[in-house]
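run_8.txt follows; it contains compact mmCIF, N, CA and C atoms.
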# COMPACT_ATOMS: atom_id res chain seq x y z
N MET A 1 99.59 110.63 57.97
CA MET A 1 98.73 110.95 59.06
C MET A 1 99.56 111.11 60.32
N ASP A 2 99.07 111.89 61.20
CA ASP A 2 99.79 112.25 62.41
C ASP A 2 100.05 111.04 63.31
N VAL A 3 99.11 110.12 63.38
CA VAL A 3 99.27 108.94 64.23
C VAL A 3 100.43 108.09 63.73
N THR A 4 100.54 107.96 62.42
CA THR A 4 101.63 107.17 61.84
C THR A 4 102.99 107.81 62.14
N LYS A 5 103.08 109.11 62.05
CA LYS A 5 104.33 109.80 62.36
C LYS A 5 104.72 109.59 63.82
N ILE A 6 103.73 109.68 64.68
CA ILE A 6 104.00 109.49 66.12
C ILE A 6 104.51 108.08 66.37
N LEU A 7 103.83 107.08 65.75
CA LEU A 7 104.26 105.69 65.94
C LEU A 7 105.66 105.47 65.39
N ASN A 8 105.93 106.03 64.22
CA ASN A 8 107.27 105.89 63.64
C ASN A 8 108.33 106.52 64.54
N ASN A 9 108.01 107.66 65.11
CA ASN A 9 108.95 108.31 66.05
C ASN A 9 109.19 107.44 67.28
N LYS A 10 108.13 106.80 67.79
CA LYS A 10 108.28 105.93 68.96
C LYS A 10 109.14 104.71 68.62
N ILE A 11 108.87 104.14 67.43
CA ILE A 11 109.66 102.97 67.02
C ILE A 11 111.12 103.38 66.83
N ASN A 12 111.34 104.52 66.20
CA ASN A 12 112.71 105.00 66.03
C ASN A 12 113.39 105.24 67.37
N SER A 13 112.65 105.81 68.32
CA SER A 13 113.26 106.05 69.65
C SER A 13 113.57 104.72 70.33
N LEU A 14 112.69 103.71 70.16
CA LEU A 14 112.97 102.39 70.73
C LEU A 14 114.20 101.77 70.09
N LEU A 15 114.31 101.92 68.77
CA LEU A 15 115.49 101.39 68.09
C LEU A 15 116.76 102.12 68.55
N GLN A 16 116.63 103.42 68.78
CA GLN A 16 117.78 104.19 69.27
C GLN A 16 118.17 103.72 70.67
N ILE A 17 117.14 103.46 71.50
CA ILE A 17 117.42 102.94 72.86
C ILE A 17 118.13 101.60 72.75
N GLN A 18 117.67 100.78 71.84
CA GLN A 18 118.28 99.46 71.65
C GLN A 18 119.74 99.62 71.20
N ALA A 19 119.96 100.56 70.31
CA ALA A 19 121.32 100.78 69.83
C ALA A 19 122.20 101.30 70.97
N ASP A 20 121.62 102.14 71.81
CA ASP A 20 122.37 102.69 72.94
C ASP A 20 122.68 101.61 73.99
N ASN A 21 121.90 100.59 74.05
CA ASN A 21 122.10 99.52 75.03
C ASN A 21 123.06 98.45 74.51
N GLY A 22 123.88 98.77 73.65
CA GLY A 22 124.91 97.84 73.22
C GLY A 22 124.54 97.11 71.95
N GLY A 23 123.55 97.56 71.28
CA GLY A 23 123.22 96.98 69.99
C GLY A 23 122.66 95.59 70.08
N ARG A 24 122.03 95.29 71.16
CA ARG A 24 121.45 93.95 71.23
C ARG A 24 120.43 93.79 70.12
N LYS A 25 120.23 92.62 69.72
CA LYS A 25 119.44 92.35 68.53
C LYS A 25 118.07 91.78 68.88
N PHE A 26 117.62 92.04 70.04
CA PHE A 26 116.30 91.55 70.39
C PHE A 26 115.55 92.66 71.12
N VAL A 27 114.25 92.51 71.16
CA VAL A 27 113.39 93.49 71.82
C VAL A 27 112.84 92.82 73.06
N THR A 28 112.86 93.54 74.17
CA THR A 28 112.35 92.95 75.41
C THR A 28 110.84 92.84 75.34
N GLY A 29 110.30 92.06 76.26
CA GLY A 29 108.84 91.87 76.31
C GLY A 29 108.11 93.17 76.57
N VAL A 30 108.68 94.01 77.43
CA VAL A 30 108.04 95.29 77.75
C VAL A 30 108.02 96.18 76.52
N GLU A 31 109.16 96.20 75.81
CA GLU A 31 109.23 97.01 74.60
C GLU A 31 108.25 96.51 73.54
N MET A 32 108.17 95.19 73.39
CA MET A 32 107.26 94.59 72.42
C MET A 32 105.82 94.90 72.81
N GLU A 33 105.53 94.80 74.09
CA GLU A 33 104.17 95.10 74.57
C GLU A 33 103.84 96.56 74.29
N TYR A 34 104.82 97.43 74.51
CA TYR A 34 104.61 98.86 74.24
C TYR A 34 104.33 99.08 72.75
N LEU A 35 105.10 98.42 71.90
CA LEU A 35 104.90 98.54 70.45
C LEU A 35 103.51 98.02 70.04
N LEU A 36 103.15 96.86 70.59
CA LEU A 36 101.86 96.28 70.25
C LEU A 36 100.70 97.17 70.73
N LYS A 37 100.85 97.69 71.96
CA LYS A 37 99.79 98.55 72.48
C LYS A 37 99.67 99.83 71.66
N SER A 38 100.79 100.38 71.25
CA SER A 38 100.73 101.60 70.45
C SER A 38 100.07 101.33 69.10
N ARG A 39 100.39 100.19 68.49
CA ARG A 39 99.76 99.81 67.21
C ARG A 39 98.26 99.56 67.42
N GLU A 40 97.93 98.88 68.51
CA GLU A 40 96.53 98.61 68.82
C GLU A 40 95.77 99.92 69.00
N ASN A 41 96.37 100.86 69.72
CA ASN A 41 95.74 102.17 69.92
C ASN A 41 95.57 102.90 68.58
N CYS A 42 96.57 102.77 67.73
CA CYS A 42 96.51 103.39 66.41
C CYS A 42 95.34 102.82 65.61
N PHE A 43 95.24 101.49 65.58
CA PHE A 43 94.15 100.85 64.85
C PHE A 43 92.80 101.19 65.45
N ARG A 44 92.74 101.21 66.76
CA ARG A 44 91.49 101.55 67.44
C ARG A 44 91.04 102.96 67.06
N SER A 45 91.98 103.91 67.07
CA SER A 45 91.62 105.28 66.72
C SER A 45 91.21 105.38 65.25
N LEU A 46 91.87 104.62 64.37
CA LEU A 46 91.47 104.61 62.96
C LEU A 46 90.06 104.04 62.78
N VAL A 47 89.78 102.94 63.50
CA VAL A 47 88.44 102.33 63.42
C VAL A 47 87.39 103.30 63.95
N GLU A 48 87.70 103.95 65.08
CA GLU A 48 86.75 104.91 65.64
C GLU A 48 86.53 106.08 64.69
N SER A 49 87.60 106.51 64.04
CA SER A 49 87.49 107.60 63.07
C SER A 49 86.61 107.18 61.89
N LEU A 50 86.82 105.95 61.40
CA LEU A 50 86.00 105.46 60.30
C LEU A 50 84.53 105.33 60.71
N GLU A 51 84.33 104.82 61.93
CA GLU A 51 82.96 104.68 62.43
C GLU A 51 82.29 106.04 62.54
N GLN A 52 83.03 107.03 63.04
CA GLN A 52 82.48 108.38 63.17
C GLN A 52 82.13 108.96 61.81
N LYS A 53 83.01 108.74 60.83
CA LYS A 53 82.73 109.24 59.48
C LYS A 53 81.49 108.55 58.90
N GLN A 54 81.37 107.25 59.16
CA GLN A 54 80.21 106.51 58.67
C GLN A 54 78.93 107.04 59.31
N VAL A 55 78.99 107.29 60.61
CA VAL A 55 77.83 107.85 61.31
C VAL A 55 77.46 109.20 60.72
N GLU A 56 78.45 110.03 60.47
CA GLU A 56 78.19 111.35 59.89
C GLU A 56 77.57 111.23 58.50
N ARG A 57 78.07 110.28 57.69
CA ARG A 57 77.49 110.05 56.36
C ARG A 57 76.04 109.60 56.47
N LEU A 58 75.78 108.70 57.43
CA LEU A 58 74.41 108.22 57.61
C LEU A 58 73.48 109.35 58.06
N VAL A 59 74.00 110.24 58.90
CA VAL A 59 73.19 111.37 59.35
C VAL A 59 72.86 112.27 58.16
N VAL A 60 73.84 112.51 57.29
CA VAL A 60 73.61 113.34 56.11
C VAL A 60 72.56 112.68 55.21
N HIS A 61 72.70 111.37 54.98
CA HIS A 61 71.72 110.66 54.15
C HIS A 61 70.34 110.71 54.80
N SER A 62 70.31 110.54 56.10
CA SER A 62 69.04 110.57 56.82
C SER A 62 68.36 111.92 56.63
N LYS A 63 69.14 112.99 56.75
CA LYS A 63 68.56 114.33 56.55
C LYS A 63 68.07 114.50 55.13
N SER A 64 68.80 113.94 54.18
CA SER A 64 68.38 114.00 52.78
C SER A 64 67.05 113.27 52.60
N PHE A 65 66.93 112.09 53.21
CA PHE A 65 65.69 111.34 53.12
C PHE A 65 64.56 112.07 53.83
N ASP A 66 64.86 112.69 54.96
CA ASP A 66 63.84 113.45 55.67
C ASP A 66 63.30 114.57 54.78
N TYR A 67 64.20 115.23 54.06
CA TYR A 67 63.78 116.30 53.15
C TYR A 67 62.89 115.73 52.05
N GLU A 68 63.31 114.61 51.46
CA GLU A 68 62.52 113.99 50.39
C GLU A 68 61.15 113.56 50.91
N ILE A 69 61.14 112.96 52.09
CA ILE A 69 59.87 112.52 52.68
C ILE A 69 58.97 113.72 52.93
N GLN A 70 59.53 114.80 53.45
CA GLN A 70 58.74 116.01 53.71
C GLN A 70 58.18 116.57 52.40
N LYS A 71 59.02 116.55 51.34
CA LYS A 71 58.55 117.02 50.04
C LYS A 71 57.38 116.17 49.54
N LEU A 72 57.52 114.85 49.68
CA LEU A 72 56.44 113.95 49.24
C LEU A 72 55.18 114.15 50.08
N CYS A 73 55.35 114.37 51.38
CA CYS A 73 54.20 114.63 52.24
C CYS A 73 53.49 115.92 51.82
N ASP A 74 54.28 116.93 51.49
CA ASP A 74 53.69 118.20 51.05
C ASP A 74 52.91 118.01 49.75
N VAL A 75 53.48 117.27 48.82
CA VAL A 75 52.80 117.01 47.54
C VAL A 75 51.52 116.21 47.79
N ALA A 76 51.60 115.21 48.66
CA ALA A 76 50.42 114.39 48.96
C ALA A 76 49.33 115.25 49.60
N LYS A 77 49.71 116.14 50.51
CA LYS A 77 48.73 117.01 51.17
C LYS A 77 48.10 117.94 50.14
N GLU A 78 48.92 118.48 49.25
CA GLU A 78 48.40 119.37 48.21
C GLU A 78 47.41 118.63 47.32
N ARG A 79 47.76 117.42 46.91
CA ARG A 79 46.86 116.63 46.06
C ARG A 79 45.59 116.25 46.81
N HIS A 80 45.73 115.95 48.09
CA HIS A 80 44.57 115.62 48.91
C HIS A 80 43.63 116.82 48.97
N ASP A 81 44.19 118.01 49.19
CA ASP A 81 43.36 119.22 49.25
C ASP A 81 42.64 119.45 47.93
N ILE A 82 43.35 119.27 46.82
CA ILE A 82 42.73 119.42 45.50
C ILE A 82 41.61 118.39 45.31
N PHE A 83 41.89 117.15 45.72
CA PHE A 83 40.90 116.08 45.60
C PHE A 83 39.65 116.41 46.42
N ILE A 84 39.85 116.87 47.66
CA ILE A 84 38.72 117.21 48.52
C ILE A 84 37.93 118.37 47.91
N GLU A 85 38.63 119.34 47.34
CA GLU A 85 37.96 120.47 46.70
C GLU A 85 37.10 120.00 45.53
N GLN A 86 37.67 119.10 44.71
CA GLN A 86 36.91 118.57 43.57
C GLN A 86 35.71 117.76 44.03
N ILE A 87 35.90 116.96 45.06
CA ILE A 87 34.79 116.16 45.60
C ILE A 87 33.70 117.07 46.13
N THR A 88 34.08 118.14 46.82
CA THR A 88 33.10 119.08 47.36
C THR A 88 32.31 119.74 46.23
N LYS A 89 33.02 120.15 45.17
CA LYS A 89 32.33 120.73 44.01
C LYS A 89 31.37 119.72 43.40
N MET A 90 31.85 118.47 43.25
CA MET A 90 31.02 117.42 42.66
C MET A 90 29.78 117.18 43.53
N LYS A 91 29.95 117.17 44.84
CA LYS A 91 28.84 116.96 45.76
C LYS A 91 27.83 118.09 45.63
N ASP A 92 28.33 119.32 45.54
CA ASP A 92 27.43 120.46 45.38
C ASP A 92 26.64 120.35 44.08
N LEU A 93 27.32 119.94 42.99
CA LEU A 93 26.63 119.77 41.71
C LEU A 93 25.58 118.66 41.79
N VAL A 94 25.95 117.56 42.44
CA VAL A 94 25.01 116.44 42.57
C VAL A 94 23.81 116.87 43.42
N ASP A 95 24.07 117.60 44.51
CA ASP A 95 22.97 118.08 45.35
C ASP A 95 22.03 118.99 44.55
N LEU A 96 22.62 119.86 43.73
CA LEU A 96 21.82 120.76 42.90
C LEU A 96 20.97 119.95 41.91
N LYS A 97 21.60 118.94 41.28
CA LYS A 97 20.86 118.09 40.33
C LYS A 97 19.73 117.34 41.03
N VAL A 98 19.99 116.87 42.25
CA VAL A 98 18.95 116.14 43.00
C VAL A 98 17.79 117.07 43.28
N VAL A 99 18.08 118.31 43.67
CA VAL A 99 17.01 119.28 43.94
C VAL A 99 16.23 119.55 42.66
N GLU A 100 16.94 119.72 41.53
CA GLU A 100 16.26 119.95 40.25
C GLU A 100 15.38 118.75 39.88
N LEU A 101 15.91 117.55 40.06
CA LEU A 101 15.13 116.35 39.73
C LEU A 101 13.91 116.21 40.64
N LYS A 102 14.07 116.51 41.92
CA LYS A 102 12.92 116.44 42.83
C LYS A 102 11.86 117.44 42.41
N SER A 103 12.30 118.64 42.01
CA SER A 103 11.35 119.66 41.56
C SER A 103 10.62 119.19 40.31
N GLU A 104 11.37 118.66 39.34
CA GLU A 104 10.74 118.16 38.12
C GLU A 104 9.79 117.00 38.42
N MET A 105 10.22 116.11 39.31
CA MET A 105 9.36 114.98 39.68
C MET A 105 8.09 115.47 40.36
N ALA A 106 8.21 116.47 41.22
CA ALA A 106 7.03 117.02 41.90
C ALA A 106 6.06 117.62 40.87
N LYS A 107 6.61 118.32 39.87
CA LYS A 107 5.76 118.89 38.81
C LYS A 107 5.06 117.78 38.03
N GLU A 108 5.82 116.73 37.70
CA GLU A 108 5.25 115.60 36.95
C GLU A 108 4.16 114.89 37.77
N VAL A 109 4.42 114.72 39.07
CA VAL A 109 3.42 114.08 39.93
C VAL A 109 2.16 114.95 39.98
N GLU A 110 2.36 116.25 40.08
CA GLU A 110 1.21 117.17 40.11
C GLU A 110 0.42 117.07 38.81
N LYS A 111 1.14 117.01 37.67
CA LYS A 111 0.45 116.86 36.38
C LYS A 111 -0.32 115.55 36.33
N MET A 112 0.34 114.48 36.84
CA MET A 112 -0.33 113.17 36.83
C MET A 112 -1.57 113.19 37.71
N GLU A 113 -1.49 113.86 38.85
CA GLU A 113 -2.67 113.95 39.73
C GLU A 113 -3.79 114.73 39.07
N LYS A 114 -3.42 115.83 38.36
CA LYS A 114 -4.44 116.60 37.64
C LYS A 114 -5.07 115.75 36.55
N ASN A 115 -4.21 115.04 35.79
CA ASN A 115 -4.73 114.17 34.74
C ASN A 115 -5.62 113.07 35.32
N TYR A 116 -5.20 112.53 36.47
CA TYR A 116 -6.00 111.48 37.13
C TYR A 116 -7.36 112.05 37.53
N THR A 117 -7.33 113.24 38.12
CA THR A 117 -8.59 113.85 38.54
C THR A 117 -9.48 114.13 37.33
N LEU A 118 -8.88 114.68 36.27
CA LEU A 118 -9.64 114.96 35.05
C LEU A 118 -10.19 113.67 34.45
N LEU A 119 -9.35 112.66 34.36
CA LEU A 119 -9.77 111.38 33.81
C LEU A 119 -10.86 110.76 34.68
N HIS A 120 -10.70 110.84 35.99
CA HIS A 120 -11.69 110.27 36.91
C HIS A 120 -13.04 110.99 36.73
N SER A 121 -12.98 112.31 36.58
CA SER A 121 -14.25 113.03 36.38
C SER A 121 -14.89 112.63 35.05
N LYS A 122 -14.07 112.43 34.02
CA LYS A 122 -14.61 112.01 32.72
C LYS A 122 -15.18 110.60 32.81
N VAL A 123 -14.48 109.73 33.55
CA VAL A 123 -14.98 108.36 33.73
C VAL A 123 -16.31 108.41 34.50
N ASP A 124 -16.38 109.29 35.51
CA ASP A 124 -17.63 109.43 36.26
C ASP A 124 -18.77 109.89 35.34
N VAL A 125 -18.46 110.83 34.45
CA VAL A 125 -19.48 111.31 33.50
C VAL A 125 -19.92 110.17 32.59
N VAL A 126 -18.92 109.41 32.07
CA VAL A 126 -19.25 108.30 31.19
C VAL A 126 -20.04 107.24 31.95
N ALA A 127 -19.64 106.93 33.20
CA ALA A 127 -20.33 105.92 34.00
C ALA A 127 -21.76 106.37 34.30
N THR A 128 -21.92 107.63 34.60
CA THR A 128 -23.27 108.17 34.88
C THR A 128 -24.12 108.09 33.62
N ALA A 129 -23.52 108.42 32.49
CA ALA A 129 -24.26 108.36 31.22
C ALA A 129 -24.66 106.92 30.91
N ILE A 130 -23.75 105.98 31.16
CA ILE A 130 -24.07 104.56 30.91
C ILE A 130 -25.17 104.11 31.84
N LYS A 131 -25.13 104.51 33.10
CA LYS A 131 -26.19 104.14 34.06
C LYS A 131 -27.53 104.68 33.60
N LYS A 132 -27.52 105.93 33.14
CA LYS A 132 -28.78 106.54 32.69
C LYS A 132 -29.30 105.79 31.47
N LEU A 133 -28.41 105.40 30.58
CA LEU A 133 -28.82 104.66 29.39
C LEU A 133 -29.41 103.31 29.77
N ILE A 134 -28.74 102.66 30.71
CA ILE A 134 -29.23 101.35 31.14
C ILE A 134 -30.60 101.51 31.82
N LEU A 135 -30.72 102.50 32.65
CA LEU A 135 -31.99 102.73 33.34
C LEU A 135 -33.09 103.09 32.34
N ARG A 136 -32.79 103.88 31.36
CA ARG A 136 -33.80 104.25 30.35
C ARG A 136 -34.21 103.03 29.52
N SER A 137 -33.18 102.24 29.17
CA SER A 137 -33.49 101.08 28.37
C SER A 137 -34.32 100.08 29.17
N GLN A 138 -34.11 99.99 30.44
CA GLN A 138 -34.90 99.09 31.28
C GLN A 138 -36.30 99.70 31.49
N PHE A 139 -36.34 100.95 31.60
CA PHE A 139 -37.61 101.60 31.84
C PHE A 139 -38.46 101.57 30.58
N LEU A 140 -37.85 101.64 29.44
CA LEU A 140 -38.59 101.59 28.20
C LEU A 140 -39.00 100.17 27.86
N ASN A 141 -38.37 99.27 28.28
CA ASN A 141 -38.73 97.88 27.99
C ASN A 141 -39.80 97.49 28.87

Show me the file's structure as structure tokens.
Amino acid sequence: MDVTKILNNKINSLLQIQADNGGRKFVTGVEMEYLLKSRENCFRSLVESLEQKQVERLVVHSKSFDYEIQKLCDVAKERHDIFIEQITKMKDLVDLKVVELKSEMAKEVEKMEKNYTLLHSKVDVVATAIKKLILRSQFLN
């Protein structure tokens, strides 16, 4: 990686400076601080790079989930529409059956009223006949 090459070049240049300064075998505090800061910057940039890659991966996954969620929403809406259509058909059929039943019930009620009227007239005839018989039997006695 480019950062590693840069750091190696800096370390090599520091070692060359050290060799040029009489080959002393120690590193000054400033040089050490420079080395530490460069390593720290290297690690920081690597961490930031990893974090950025992680964010990008999460964004890709998020978009994938958004697509899946949208697909499921579309399927749910389609099924809901089919369900509503079936319920509407069922309601229309039930309404038609209710109308048919009301019509049949009205016809049956009308028949029952006619039968009641016919029966009532027959009962009136029988009651009148019984009254006449009772009156005749009382009159003859």

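Relative to atom C of Lys114 (chain A), atom C of Val99 (chain A) is found at 22.5 Å.
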
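Separating CA of Phe65 (chain A) from atom C of Asp81 (chain A) is a distance of 25.0 Å.
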
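A straight line drawn from atom C of Ile11 (chain A) to atom N of Leu35 (chain A) is 9.3 Å long.
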
Where atoms are absent from region 80-93 of chain A, fill them in so it carries N, CA, C and O atoms, then output it as a PDB file, in the frame of the given file.
ATOM      1  N   HIS A  80      45.730 115.950  48.090  1.00  0.00           N
ATOM      2  CA  HIS A  80      44.570 115.620  48.910  1.00  0.00           C
ATOM      3  C   HIS A  80      43.630 116.820  48.970  1.00  0.00           C
ATOM      4  O   HIS A  80      42.410 116.671  48.843  1.00  0.00           O
ATOM      5  N   ASP A  81      44.190 118.010  49.190  1.00  0.00           N
ATOM      6  CA  ASP A  81      43.360 119.220  49.250  1.00  0.00           C
ATOM      7  C   ASP A  81      42.640 119.450  47.930  1.00  0.00           C
ATOM      8  O   ASP A  81      41.449 119.785  47.913  1.00  0.00           O
ATOM      9  N   ILE A  82      43.350 119.270  46.820  1.00  0.00           N
ATOM     10  CA  ILE A  82      42.730 119.420  45.500  1.00  0.00           C
ATOM     11  C   ILE A  82      41.610 118.390  45.310  1.00  0.00           C
ATOM     12  O   ILE A  82      40.518 118.714  44.830  1.00  0.00           O
ATOM     13  N   PHE A  83      41.890 117.150  45.720  1.00  0.00           N
ATOM     14  CA  PHE A  83      40.900 116.080  45.600  1.00  0.00           C
ATOM     15  C   PHE A  83      39.650 116.410  46.420  1.00  0.00           C
ATOM     16  O   PHE A  83      38.528 116.276  45.938  1.00  0.00           O
ATOM     17  N   ILE A  84      39.850 116.870  47.660  1.00  0.00           N
ATOM     18  CA  ILE A  84      38.720 117.210  48.520  1.00  0.00           C
ATOM     19  C   ILE A  84      37.930 118.370  47.910  1.00  0.00           C
ATOM     20  O   ILE A  84      36.689 118.367  47.924  1.00  0.00           O
ATOM     21  N   GLU A  85      38.630 119.340  47.340  1.00  0.00           N
ATOM     22  CA  GLU A  85      37.960 120.470  46.700  1.00  0.00           C
ATOM     23  C   GLU A  85      37.100 120.000  45.530  1.00  0.00           C
ATOM     24  O   GLU A  85      35.953 120.412  45.372  1.00  0.00           O
ATOM     25  N   GLN A  86      37.670 119.100  44.710  1.00  0.00           N
ATOM     26  CA  GLN A  86      36.910 118.570  43.570  1.00  0.00           C
ATOM     27  C   GLN A  86      35.710 117.760  44.030  1.00  0.00           C
ATOM     28  O   GLN A  86      34.630 117.848  43.452  1.00  0.00           O
ATOM     29  N   ILE A  87      35.900 116.960  45.060  1.00  0.00           N
ATOM     30  CA  ILE A  87      34.790 116.160  45.600  1.00  0.00           C
ATOM     31  C   ILE A  87      33.700 117.070  46.130  1.00  0.00           C
ATOM     32  O   ILE A  87      32.504 116.815  45.922  1.00  0.00           O
ATOM     33  N   THR A  88      34.080 118.140  46.820  1.00  0.00           N
ATOM     34  CA  THR A  88      33.100 119.080  47.360  1.00  0.00           C
ATOM     35  C   THR A  88      32.310 119.740  46.230  1.00  0.00           C
ATOM     36  O   THR A  88      31.077 119.861  46.307  1.00  0.00           O
ATOM     37  N   LYS A  89      33.020 120.150  45.170  1.00  0.00           N
ATOM     38  CA  LYS A  89      32.330 120.730  44.010  1.00  0.00           C
ATOM     39  C   LYS A  89      31.370 119.720  43.400  1.00  0.00           C
ATOM     40  O   LYS A  89      30.230 120.058  43.056  1.00  0.00           O
ATOM     41  N   MET A  90      31.850 118.470  43.250  1.00  0.00           N
ATOM     42  CA  MET A  90      31.020 117.420  42.660  1.00  0.00           C
ATOM     43  C   MET A  90      29.780 117.180  43.530  1.00  0.00           C
ATOM     44  O   MET A  90      28.672 117.037  43.024  1.00  0.00           O
ATOM     45  N   LYS A  91      29.950 117.170  44.840  1.00  0.00           N
ATOM     46  CA  LYS A  91      28.840 116.960  45.760  1.00  0.00           C
ATOM     47  C   LYS A  91      27.830 118.090  45.630  1.00  0.00           C
ATOM     48  O   LYS A  91      26.609 117.853  45.589  1.00  0.00           O
ATOM     49  N   ASP A  92      28.330 119.320  45.540  1.00  0.00           N
ATOM     50  CA  ASP A  92      27.430 120.460  45.380  1.00  0.00           C
ATOM     51  C   ASP A  92      26.640 120.350  44.080  1.00  0.00           C
ATOM     52  O   ASP A  92      25.419 120.598  44.056  1.00  0.00           O
ATOM     53  N   LEU A  93      27.320 119.940  42.990  1.00  0.00           N
ATOM     54  CA  LEU A  93      26.630 119.770  41.710  1.00  0.00           C
ATOM     55  C   LEU A  93      25.580 118.660  41.790  1.00  0.00           C
ATOM     56  O   LEU A  93      24.469 118.800  41.284  1.00  0.00           O
TER      57      LEU A  93
END
